[in-house]
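This is run_31.csv (CSV, C-alpha atoms (C1' of nucleotides)).
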chain,number,residue,atom,x,y,z
Q,1,MET,CA,43.8,110.7,61.6
Q,2,LYS,CA,47.5,110.5,62.0
Q,3,LEU,CA,49.8,109.3,59.2
Q,4,PRO,CA,53.5,108.4,59.3
Q,5,VAL,CA,55.7,110.8,57.4
Q,6,LEU,CA,55.7,109.9,53.7
Q,7,ASP,CA,58.8,108.2,52.4
Q,8,GLU,CA,61.1,110.2,50.1
Q,9,HIS,CA,60.0,108.3,47.0
Q,10,THR,CA,56.3,108.7,47.5
Q,11,ALA,CA,56.7,112.3,48.6
Q,12,ALA,CA,58.6,113.0,45.4
Q,13,HIS,CA,55.8,111.7,43.3
Q,14,VAL,CA,53.2,113.6,45.2
Q,15,ALA,CA,55.3,116.8,44.7
Q,16,GLU,CA,55.5,116.0,41.0
Q,17,LEU,CA,51.8,115.8,40.8
Q,18,PHE,CA,51.1,119.1,42.5
Q,19,ARG,CA,53.9,120.7,40.6
Q,20,ALA,CA,51.8,120.0,37.5
Q,21,PHE,CA,49.4,122.7,38.7
Q,22,SER,CA,52.0,125.0,40.2
Q,23,ASP,CA,52.2,127.4,37.2
Q,24,THR,CA,49.7,130.0,36.1
Q,25,SER,CA,49.7,128.9,32.5
Q,26,ARG,CA,49.2,125.3,33.3
Q,27,VAL,CA,46.4,126.1,35.7
Q,28,ARG,CA,44.7,128.0,32.9
Q,29,ILE,CA,45.3,125.1,30.4
Q,30,MET,CA,43.7,122.7,32.9
Q,31,SER,CA,40.8,125.0,33.5
Q,32,ALA,CA,40.2,125.2,29.7
Q,33,LEU,CA,40.3,121.4,29.4
Q,34,VAL,CA,37.8,120.7,32.2
Q,35,GLY,CA,34.8,119.2,30.5
Q,36,GLU,CA,36.0,119.7,26.9
Q,37,GLU,CA,39.0,118.7,24.8
Q,38,LYS,CA,40.8,121.5,23.0
Q,39,ASN,CA,43.6,121.7,20.5
Q,40,VAL,CA,46.9,123.5,20.8
Q,41,THR,CA,45.9,126.6,18.8
Q,42,GLU,CA,42.7,127.0,20.8
Q,43,LEU,CA,44.6,126.7,24.1
Q,44,ALA,CA,47.2,129.2,23.0
Q,45,LYS,CA,44.5,131.7,22.2
Q,46,LEU,CA,42.6,131.1,25.4
Q,47,VAL,CA,45.6,131.1,27.7
Q,48,GLY,CA,47.4,133.9,25.9
Q,49,VAL,CA,50.8,132.4,25.3
Q,50,THR,CA,52.5,131.0,22.2
Q,51,GLU,CA,51.7,127.6,20.8
Q,52,SER,CA,55.2,126.6,21.5
Q,53,ALA,CA,54.8,127.3,25.2
Q,54,ILE,CA,51.5,125.5,25.3
Q,55,SER,CA,53.1,122.5,23.6
Q,56,HIS,CA,55.9,122.4,26.1
Q,57,HIS,CA,53.4,122.5,29.0
Q,58,LEU,CA,51.3,119.7,27.4
Q,59,ARG,CA,54.3,117.5,27.0
Q,60,GLY,CA,54.9,117.7,30.8
Q,61,LEU,CA,51.3,117.1,31.6
Q,62,ARG,CA,51.2,114.1,29.1
Q,63,GLN,CA,54.3,112.6,30.7
Q,64,LEU,CA,52.5,112.7,34.1
Q,65,HIS,CA,49.5,111.0,32.4
Q,66,ILE,CA,47.3,114.0,33.4
Q,67,VAL,CA,46.3,114.8,29.8
Q,68,ARG,CA,46.0,112.6,26.7
Q,69,ALA,CA,46.5,113.6,23.1
Q,70,ARG,CA,44.3,112.6,20.2
Q,71,ARG,CA,45.2,113.6,16.6
Q,72,ASP,CA,42.5,114.6,14.2
Q,73,GLY,CA,44.1,115.6,10.9
Q,74,ARG,CA,46.4,118.4,11.4
Q,75,GLU,CA,45.2,119.2,14.9
Q,76,VAL,CA,45.9,117.5,18.2
Q,77,TYR,CA,43.2,117.5,20.7
Q,78,TYR,CA,44.0,117.3,24.4
Q,79,SER,CA,41.8,116.2,27.2
Q,80,ILE,CA,42.1,115.3,30.9
Q,81,VAL,CA,42.7,111.6,31.4
Q,82,ASP,CA,41.3,111.0,34.9
Q,83,PRO,CA,38.2,112.5,36.5
Q,84,HIS,CA,39.8,112.2,39.9
Q,85,ILE,CA,42.4,114.7,38.6
Q,86,VAL,CA,39.6,117.1,37.7
Q,87,THR,CA,38.2,116.8,41.2
Q,88,LEU,CA,41.6,117.5,42.7
Q,89,PHE,CA,42.2,120.5,40.5
Q,90,GLN,CA,38.7,121.8,41.1
Q,91,GLN,CA,39.2,121.5,44.8
Q,92,GLY,CA,42.2,123.8,44.6
Q,93,VAL,CA,40.2,126.3,42.5
Q,94,ASP,CA,37.3,126.2,44.9
Q,95,HIS,CA,39.6,126.8,47.9
Q,96,ILE,CA,41.0,129.9,46.2
Q,97,LYS,CA,37.6,131.2,45.2
Q,98,ALA,CA,36.2,130.7,48.7
Q,99,GLU,CA,38.8,133.1,50.2
Q,100,GLU,CA,38.3,135.9,47.8
A,1,MET,CA,30.6,120.5,33.5
A,2,LYS,CA,32.3,123.1,31.5
A,3,LEU,CA,34.0,126.1,33.0
A,4,PRO,CA,35.4,129.2,31.3
A,5,VAL,CA,39.1,129.6,31.4
A,6,LEU,CA,40.3,131.0,34.7
A,7,ASP,CA,41.4,134.6,34.7
A,8,GLU,CA,45.1,135.3,35.1
A,9,HIS,CA,44.7,136.5,38.7
A,10,THR,CA,42.7,133.6,40.0
A,11,ALA,CA,44.9,131.1,38.1
A,12,ALA,CA,48.0,132.7,39.7
A,13,HIS,CA,46.5,132.1,43.2
A,14,VAL,CA,45.6,128.5,42.4
A,15,ALA,CA,49.1,127.9,41.1
A,16,GLU,CA,50.5,129.4,44.3
A,17,LEU,CA,48.4,127.0,46.3
A,18,PHE,CA,49.5,123.9,44.4
A,19,ARG,CA,53.1,125.1,44.4
A,20,ALA,CA,53.0,124.8,48.2
A,21,PHE,CA,52.9,121.1,47.7
A,22,SER,CA,55.3,120.9,44.8
A,23,ASP,CA,58.4,120.1,46.7
A,24,THR,CA,59.4,116.8,48.2
A,25,SER,CA,60.4,118.3,51.6
A,26,ARG,CA,57.2,120.3,51.9
A,27,VAL,CA,55.2,117.3,51.0
A,28,ARG,CA,56.9,115.4,53.8
A,29,ILE,CA,56.4,118.3,56.2
A,30,MET,CA,52.7,118.4,55.4
A,31,SER,CA,52.4,114.6,55.8
A,32,ALA,CA,54.0,115.0,59.2
A,33,LEU,CA,51.6,117.7,60.2
A,34,VAL,CA,48.4,115.8,59.2
A,35,GLY,CA,46.6,115.1,62.5
A,36,GLU,CA,49.3,116.3,64.8
A,37,GLU,CA,51.2,119.6,65.4
A,38,LYS,CA,55.0,119.4,65.4
A,39,ASN,CA,57.9,121.7,66.2
A,40,VAL,CA,60.8,122.7,63.9
A,41,THR,CA,63.3,120.3,65.5
A,42,GLU,CA,60.9,117.3,65.2
A,43,LEU,CA,60.1,118.2,61.6
A,44,ALA,CA,63.8,118.5,60.8
A,45,LYS,CA,64.5,115.0,62.1
A,46,LEU,CA,61.5,113.5,60.4
A,47,VAL,CA,62.0,115.1,57.1
A,48,GLY,CA,65.8,114.8,57.1
A,49,VAL,CA,66.8,118.4,56.4
A,50,THR,CA,68.3,121.1,58.5
A,51,GLU,CA,66.1,123.2,60.9
A,52,SER,CA,66.9,126.2,58.8
A,53,ALA,CA,65.5,124.6,55.6
A,54,ILE,CA,62.4,123.5,57.6
A,55,SER,CA,62.0,127.1,58.9
A,56,HIS,CA,62.3,128.5,55.4
A,57,HIS,CA,59.6,126.1,54.1
A,58,LEU,CA,57.3,126.9,57.1
A,59,ARG,CA,57.6,130.5,56.4
A,60,GLY,CA,56.2,130.0,52.9
A,61,LEU,CA,53.5,127.8,54.1
A,62,ARG,CA,52.6,130.3,56.8
A,63,GLN,CA,52.4,133.1,54.4
A,64,LEU,CA,49.9,131.1,52.4
A,65,HIS,CA,47.9,130.5,55.5
A,66,ILE,CA,48.4,126.8,55.1
A,67,VAL,CA,50.0,126.3,58.5
A,68,ARG,CA,49.9,128.2,61.7
A,69,ALA,CA,52.6,128.7,64.4
A,70,ARG,CA,52.1,128.4,68.2
A,71,ARG,CA,55.0,129.2,70.5
A,72,ASP,CA,55.4,127.1,73.6
A,73,GLY,CA,58.5,128.2,75.5
A,74,ARG,CA,61.5,127.8,73.3
A,75,GLU,CA,59.7,125.7,70.7
A,76,VAL,CA,57.3,126.7,68.0
A,77,TYR,CA,54.7,124.2,67.1
A,78,TYR,CA,53.2,124.1,63.6
A,79,SER,CA,49.8,122.8,62.5
A,80,ILE,CA,47.7,122.8,59.4
A,81,VAL,CA,45.1,125.6,59.5
A,82,ASP,CA,42.3,124.3,57.3
A,83,PRO,CA,40.9,120.8,57.2
A,84,HIS,CA,40.0,121.4,53.6
A,85,ILE,CA,43.7,121.7,52.8
A,86,VAL,CA,44.3,118.4,54.5
A,87,THR,CA,41.6,116.8,52.2
A,88,LEU,CA,43.2,118.4,49.2
A,89,PHE,CA,46.6,117.2,50.2
A,90,GLN,CA,45.4,113.7,51.0
A,91,GLN,CA,43.7,113.4,47.6
A,92,GLY,CA,47.0,114.0,45.9
A,93,VAL,CA,48.7,111.4,48.1
A,94,ASP,CA,45.9,108.9,47.5
A,95,HIS,CA,46.1,109.5,43.7
A,96,ILE,CA,49.8,108.6,43.8
A,97,LYS,CA,49.4,105.6,46.0
A,98,ALA,CA,46.6,104.3,43.8
A,99,GLU,CA,48.9,104.1,40.8
A,100,GLU,CA,51.8,102.3,42.5
M,1,DG,C1',73.4,138.8,83.1
M,2,DA,C1',75.5,134.5,81.0
M,3,DA,C1',75.1,130.2,78.9
M,4,DA,C1',72.3,126.9,76.3
M,5,DC,C1',68.8,125.7,73.3
M,6,DA,C1',65.2,126.6,69.5
M,7,DA,C1',63.9,129.1,65.7
M,8,DA,C1',64.2,132.7,62.2
M,9,DT,C1',66.7,135.3,58.9
M,10,DG,C1',69.6,137.0,54.9
M,11,DA,C1',73.1,136.1,51.6
M,12,DA,C1',75.1,133.1,48.5
M,13,DC,C1',75.0,129.4,45.3
M,14,DA,C1',73.5,125.7,42.5
M,15,DT,C1',69.7,123.8,40.1
M,16,DA,C1',65.1,124.0,38.1
M,17,DT,C1',61.7,126.2,35.4
M,18,DA,C1',59.1,128.9,31.8
M,19,DC,C1',59.4,131.2,27.9
M,20,DT,C1',61.1,132.6,23.2
M,21,DC,C1',63.1,131.6,18.9
M,22,DA,C1',64.5,128.9,15.0
M,23,DG,C1',64.0,124.9,12.9
M,24,DA,C1',62.0,120.2,12.4
M,25,DT,C1',58.1,117.0,11.7
M,26,DA,C1',53.3,115.8,10.4
M,27,DT,C1',49.2,116.3,7.8
M,28,DT,C1',46.2,118.2,4.2
M,29,DG,C1',44.9,119.9,-0.4
M,30,DC,C1',46.5,121.2,-4.6
V,1,DG,C1',55.9,116.9,-5.0
V,2,DC,C1',54.8,121.6,-3.1
V,3,DA,C1',52.7,125.0,-0.3
V,4,DA,C1',50.1,125.9,3.8
V,5,DT,C1',48.9,124.9,8.4
V,6,DA,C1',49.4,122.6,13.0
V,7,DT,C1',52.4,120.9,16.3
V,8,DC,C1',56.7,119.5,18.3
V,9,DT,C1',61.4,120.0,19.6
V,10,DG,C1',66.0,121.7,21.2
V,11,DA,C1',68.9,125.4,22.5
V,12,DG,C1',69.4,129.6,24.9
V,13,DT,C1',68.2,132.8,28.5
V,14,DA,C1',66.3,135.0,32.4
V,15,DT,C1',64.1,134.2,36.6
V,16,DA,C1',62.6,131.3,40.5
V,17,DT,C1',63.5,128.0,43.9
V,18,DG,C1',65.7,124.9,47.6
V,19,DT,C1',69.4,124.4,50.4
V,20,DT,C1',73.4,125.6,53.3
V,21,DC,C1',76.0,128.6,56.2
V,22,DA,C1',76.6,132.3,59.3
V,23,DT,C1',74.3,135.3,62.2
V,24,DT,C1',70.5,137.0,64.9
V,25,DT,C1',66.5,136.7,67.8
V,26,DG,C1',63.7,134.7,71.4
V,27,DT,C1',63.2,131.9,75.5
V,28,DT,C1',64.6,129.3,79.6
V,29,DT,C1',67.6,128.1,83.4
V,30,DC,C1',71.2,129.1,86.2

Can the structure in the file be given as structure tokens, please?
Amino acid sequence: MKLPVLDEHTAAHVAELFRAFSDTSRVRIMSALVGEEKNVTELAKLVGVTESAISHHLRGLRQLHIVRARRDGREVYYSIVDPHIVTLFQQGVDHIKAEE
Amino acid sequence: MKLPVLDEHTAAHVAELFRAFSDTSRVRIMSALVGEEKNVTELAKLVGVTESAISHHLRGLRQLHIVRARRDGREVYYSIVDPHIVTLFQQGVDHIKAEE
DNA sequence: GAAACAAATGAACATATACTCAGATATTGC
DNA sequence: GCAATATCTGAGTATATGTTCATTTGTTTC
């Protein structure tokens, strides 16, 4: 199938979406959130960076509506909003795993 | 389904893959190459940046084995290597188009 | 070989990005 | 209210990235 070239505006949004998964830490955050919500402290331990760094990443992912926050007492639990996003992410992971 | 957190090495490769589509110009290049090979001059016109910029982007995409080059006389035609990559890319585009 | 065209390359520069640190904000239990 | 814990935020910094410009390389036609 042949598509016309994406217009600047749409392309910018597509780039923005893929950019969400273009960093090692964010990829690991996403992989931790697949199938199970986690709070900031847990994510920091799992990913191996400071809670501050995790928080900064989550803010970006939240602004793109990729993750959602739910506060429970002192903790804030994050989860992936849209199952389609999980599929997209998983496809990227599978592609890499296939060529190793 | 619940996955363990991706190891640093795999996550870095996944990030690298998604980073390929994390720039507006590269997204437009990819969209131009879906279904049809194109040379550098054509891509430069379609995307609206210099041939040099296109060439730099294509080098990156080539190193990731996302596109392949084929020389025909003076021109070099580029095409997307793997149909799975097209699917992945299209899914990102569709996600954006769905929410507009 | 010389001229013309297509593409690739390296350096330079401006901007974007990820991380750390210090401090602020929110919530709980006393 | 106060101390402890969890999270967020802004500033600063070091590095990565995208683009342009000048030059080089590869190819064709004369």

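Residues lying at most 12 Å from (54.5, 114.6, 10.6) in file coordinates, with all atoms listed in the file considered, are Arg71, Gly73, Arg74, Glu75 and Val76 of chain Q; DA24, DT25, DA26, DT27 and DT28 of chain M; DT5, DA6, DT7 and DC8 of chain V.
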
Just want the 9 Å neighbourhood of Ile66 of chain A, counted on all atoms listed in the file, with same-chain residues fewer than 3 positions away dropped. Output as a PDB file with C-alpha atoms, in the frame of the given file.
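As written to disk, part.pdb reads:
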ATOM      1  CA  LEU A  17      48.400 127.000  46.300  1.00  0.00           C
ATOM      2  CA  ALA A  20      53.000 124.800  48.200  1.00  0.00           C
ATOM      3  CA  GLY A  60      56.200 130.000  52.900  1.00  0.00           C
ATOM      4  CA  LEU A  61      53.500 127.800  54.100  1.00  0.00           C
ATOM      5  CA  ARG A  62      52.600 130.300  56.800  1.00  0.00           C
ATOM      6  CA  GLN A  63      52.400 133.100  54.400  1.00  0.00           C
ATOM      7  CA  SER A  79      49.800 122.800  62.500  1.00  0.00           C
ATOM      8  CA  ILE A  80      47.700 122.800  59.400  1.00  0.00           C
ATOM      9  CA  VAL A  81      45.100 125.600  59.500  1.00  0.00           C
ATOM     10  CA  ASP A  82      42.300 124.300  57.300  1.00  0.00           C
ATOM     11  CA  ILE A  85      43.700 121.700  52.800  1.00  0.00           C
TER      12      ILE A  85
END

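Candidate residues Q:Ser22, Q:Asn39, Q:Gln91, Q:Ser31 were compared for distance to chain M, and the nearest is Q:Ser22, using all atoms listed in the file.
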
Original post:
In Å to one decimal, how far is atom CA of Asp94 of chain Q from atom C1' of DG18 of chain V?
Top reply: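 Separation of atom C1' of DG18 of chain V and atom CA of Asp94 of chain Q: 28.6 Å.
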
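Relative to atom CA of Phe18 of chain A, atom CA of Glu8 of chain Q is found at 18.8 Å.
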
Subject >> Test item: residues at most 8 Å from Ile29 of chain Q, all atoms listed in the file, excluding those fewer than 6 positions along its chain, as a ChimeraX atom specification >> reply: /Q:43,47 /A:5
